[in-house]
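Okay, so here's the structure we're looking at.
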Amino acid sequence: MPREPSSIHFGGTYAGCSPTRISLWGRGAYGGWDDADPAFARAVWCLARHLRPRKVGETGVARGITTRFLLEALERNGNGRLWSIDLPPLLDRKLRSQTAAALPKRSRGGWQYVEGSSRRRLPRLLADLDEIDLFVHDSIHTGRNLRFELDRALAAMGARGALVSDDVHMNTAFQAHAGPGTLVCPSDDGAGLFGIIIRDIAVEAQSGHS
């Protein structure tokens with residue numbers, strides 16, 4: 001039997017994603033940081049469903065909106081695990097208590113939470129995983145941090161992987177990796193941009209010019 005379109009599953013996930021014990025969520029609602037924009041969440045969901053990755057890396061969890069999309073997509077695929085690196089607010093106990101609040105317990109079986117900064121945790125994690133199929137950047141959006149994460153994630157990525165980065169308009173680091181297989185997309189509210197790198201397209205284009 002043909003499968004239902006992914007858009008049906010996405011709609012159900014998004015409708016159930018609002019944390020019930022949090023009255024305000026969305027852009028700027030997490031101590032000035034954002035929950036996942038719907039367009040960003042759709043992109044992450046679609047890549048996870050169509051690429052069917054076995055190993056997924058993520059930086060930045062906050063209340064876990066993107067994390068939930070990734071885990072539910074992997075669950076529907078019937079395969080794959082997610083490792084999420086996150087440094088929750090150290091001084092704001094209320095925000096810290098909301099870490100991964102959107103993630104129901106039933107979705108956490110295929111998830112490994114790694115607390116700490118990506119600069120400290122990401123190199124070791126990527127070395128342990130050996131190769132990743134999908135990487136999502138949504139931690140601190142400085143140019144220095146984004147370059148650090150992109151360089152290491154792309155080096156650890158398989159030939160048919162993909163990378164997604166939120167808020168690429170905030171610095172020029174993503175532009176340095178632009179080329180074949182690169183997309184820059186607007187957020188749903190028009191207030192930001194996110195970027196996608198499809199690795200197999202980029203590799204094929206490079207091979208064609210060699």
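Ligands are numbered from 1 in the order shown, chains are lettered A, B, ... in the order of the structure tokens, and residues start at 1 in each chain.
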What's around Ala191 in chain A at 10 Å? Count only C-alpha atoms, leave out sequence neighbours fewer than 3 positions away in its own chain, and write the answer as a VMD selection string.
chain A and resid 27 37 167 169 186 to 188
From a DSSP pass on the backbone, collect the residues of range 35-121 of chain A flagged as helix (DSSP H, G or I) and hand them back as a ChimeraX atom specification.
/A:38-51,65-77,93-97,105-107,118-121
Take the residues that were just selected and, keeping C-alpha atoms, output them as a short mmCIF file (atom, residue, chain, number, x, y, z; two decimals), in the first residue's frame.
```cif
data_model
loop_
_atom_site.label_atom_id
_atom_site.label_comp_id
_atom_site.auth_asym_id
_atom_site.auth_seq_id
_atom_site.Cartn_x
_atom_site.Cartn_y
_atom_site.Cartn_z
CA PRO A 38 7.58 26.07 11.01
CA ALA A 39 9.54 26.37 7.75
CA PHE A 40 12.74 25.19 9.45
CA ALA A 41 10.86 22.35 11.12
CA ARG A 42 9.34 21.29 7.78
CA ALA A 43 12.78 21.20 6.16
CA VAL A 44 14.24 19.10 8.97
CA TRP A 45 11.25 16.75 8.90
CA CYS A 46 11.39 16.27 5.12
CA LEU A 47 15.14 15.64 5.06
CA ALA A 48 14.86 13.09 7.86
CA ARG A 49 11.96 11.30 6.16
CA HIS A 50 13.45 11.21 2.65
CA LEU A 51 17.14 10.62 3.47
CA ILE A 65 10.76 21.42 19.08
CA THR A 66 13.24 20.51 16.32
CA THR A 67 14.41 17.54 18.35
CA ARG A 68 10.87 16.18 18.46
CA PHE A 69 10.44 16.50 14.70
CA LEU A 70 13.66 14.62 14.12
CA LEU A 71 12.79 11.82 16.54
CA GLU A 72 9.26 11.35 15.23
CA ALA A 73 10.55 11.30 11.64
CA LEU A 74 13.12 8.65 12.59
CA GLU A 75 10.43 6.68 14.40
CA ARG A 76 8.25 6.67 11.29
CA ASN A 77 11.26 5.60 9.25
CA ARG A 93 16.51 27.79 36.50
CA LYS A 94 13.10 28.28 34.91
CA LEU A 95 14.49 28.13 31.39
CA ARG A 96 16.79 25.27 32.30
CA SER A 97 13.80 23.28 33.57
CA LYS A 105 8.88 10.28 27.05
CA ARG A 106 7.69 7.88 24.37
CA SER A 107 9.88 9.66 21.80
CA SER A 118 29.49 22.07 20.90
CA ARG A 119 33.11 23.24 21.01
CA ARG A 120 33.79 20.79 23.83
CA ARG A 121 31.43 17.96 22.90
#
```
Go through A:Asp138, A:Asp128, A:Asp133, A:Glu149 and flag the residue nearest Asp34 in chain A, using only C-alpha atoms for the distances.
A:Asp138
Can you pull out every residue within 12 Å of Ile132 in chain A, counting only C-alpha atoms, but drop anything in the same chain fewer than 5 positions away, and send it as a PyMOL selection string?
chain A and resi 51-58+80-83+125-127+152-163+199
Which residues in range 12-202 of chain A does DSSP call strand (DSSP E)? List them as an NGL selection string.
:A and (55-59 or 81-86 or 111-115 or 132-137 or 157-165 or 182-186 or 193-198)
Output C-alpha atoms of each residue in that selection to a file, as a compact mmCIF listing (two decimals), in the first residue's frame.
```txt
# COMPACT_ATOMS: atom_id res chain seq x y z
CA LYS A 55 22.95 8.76 12.54
CA VAL A 56 21.78 12.32 13.13
CA GLY A 57 23.62 15.06 15.01
CA GLU A 58 22.01 18.20 16.41
CA THR A 59 23.33 21.20 18.33
CA ARG A 81 19.22 7.59 16.22
CA LEU A 82 19.69 11.22 17.25
CA TRP A 83 22.49 12.74 19.33
CA SER A 84 21.78 16.28 20.58
CA ILE A 85 24.39 18.59 22.10
CA ASP A 86 23.02 21.42 24.21
CA TRP A 111 17.74 9.92 21.62
CA GLN A 112 21.01 10.68 23.36
CA TYR A 113 21.27 14.05 25.12
CA VAL A 114 24.82 15.39 25.46
CA GLU A 115 25.07 18.38 27.82
CA ILE A 132 26.81 11.01 10.22
CA ASP A 133 23.99 11.24 7.69
CA LEU A 134 22.22 14.42 8.83
CA PHE A 135 23.35 17.38 10.93
CA VAL A 136 21.25 20.23 12.32
CA HIS A 137 22.86 23.41 13.69
CA MET A 157 29.32 13.40 6.76
CA GLY A 158 28.70 10.55 4.37
CA ALA A 159 28.48 11.08 0.61
CA ARG A 160 24.68 11.30 0.65
CA GLY A 161 24.13 13.31 3.79
CA ALA A 162 22.67 16.74 4.45
CA LEU A 163 23.21 19.66 6.78
CA VAL A 164 20.69 22.23 7.99
CA SER A 165 21.60 25.49 9.72
CA THR A 182 23.18 24.68 -1.19
CA LEU A 183 19.82 26.30 -0.49
CA VAL A 184 18.98 29.40 1.53
CA CYS A 185 15.33 29.56 2.57
CA PRO A 186 13.13 32.13 4.35
CA LEU A 193 16.87 32.62 6.84
CA PHE A 194 18.01 29.03 7.20
CA GLY A 195 20.41 27.10 5.00
CA ILE A 196 20.61 23.55 3.65
CA ILE A 197 23.54 21.69 2.11
CA ILE A 198 22.70 18.47 0.23
```
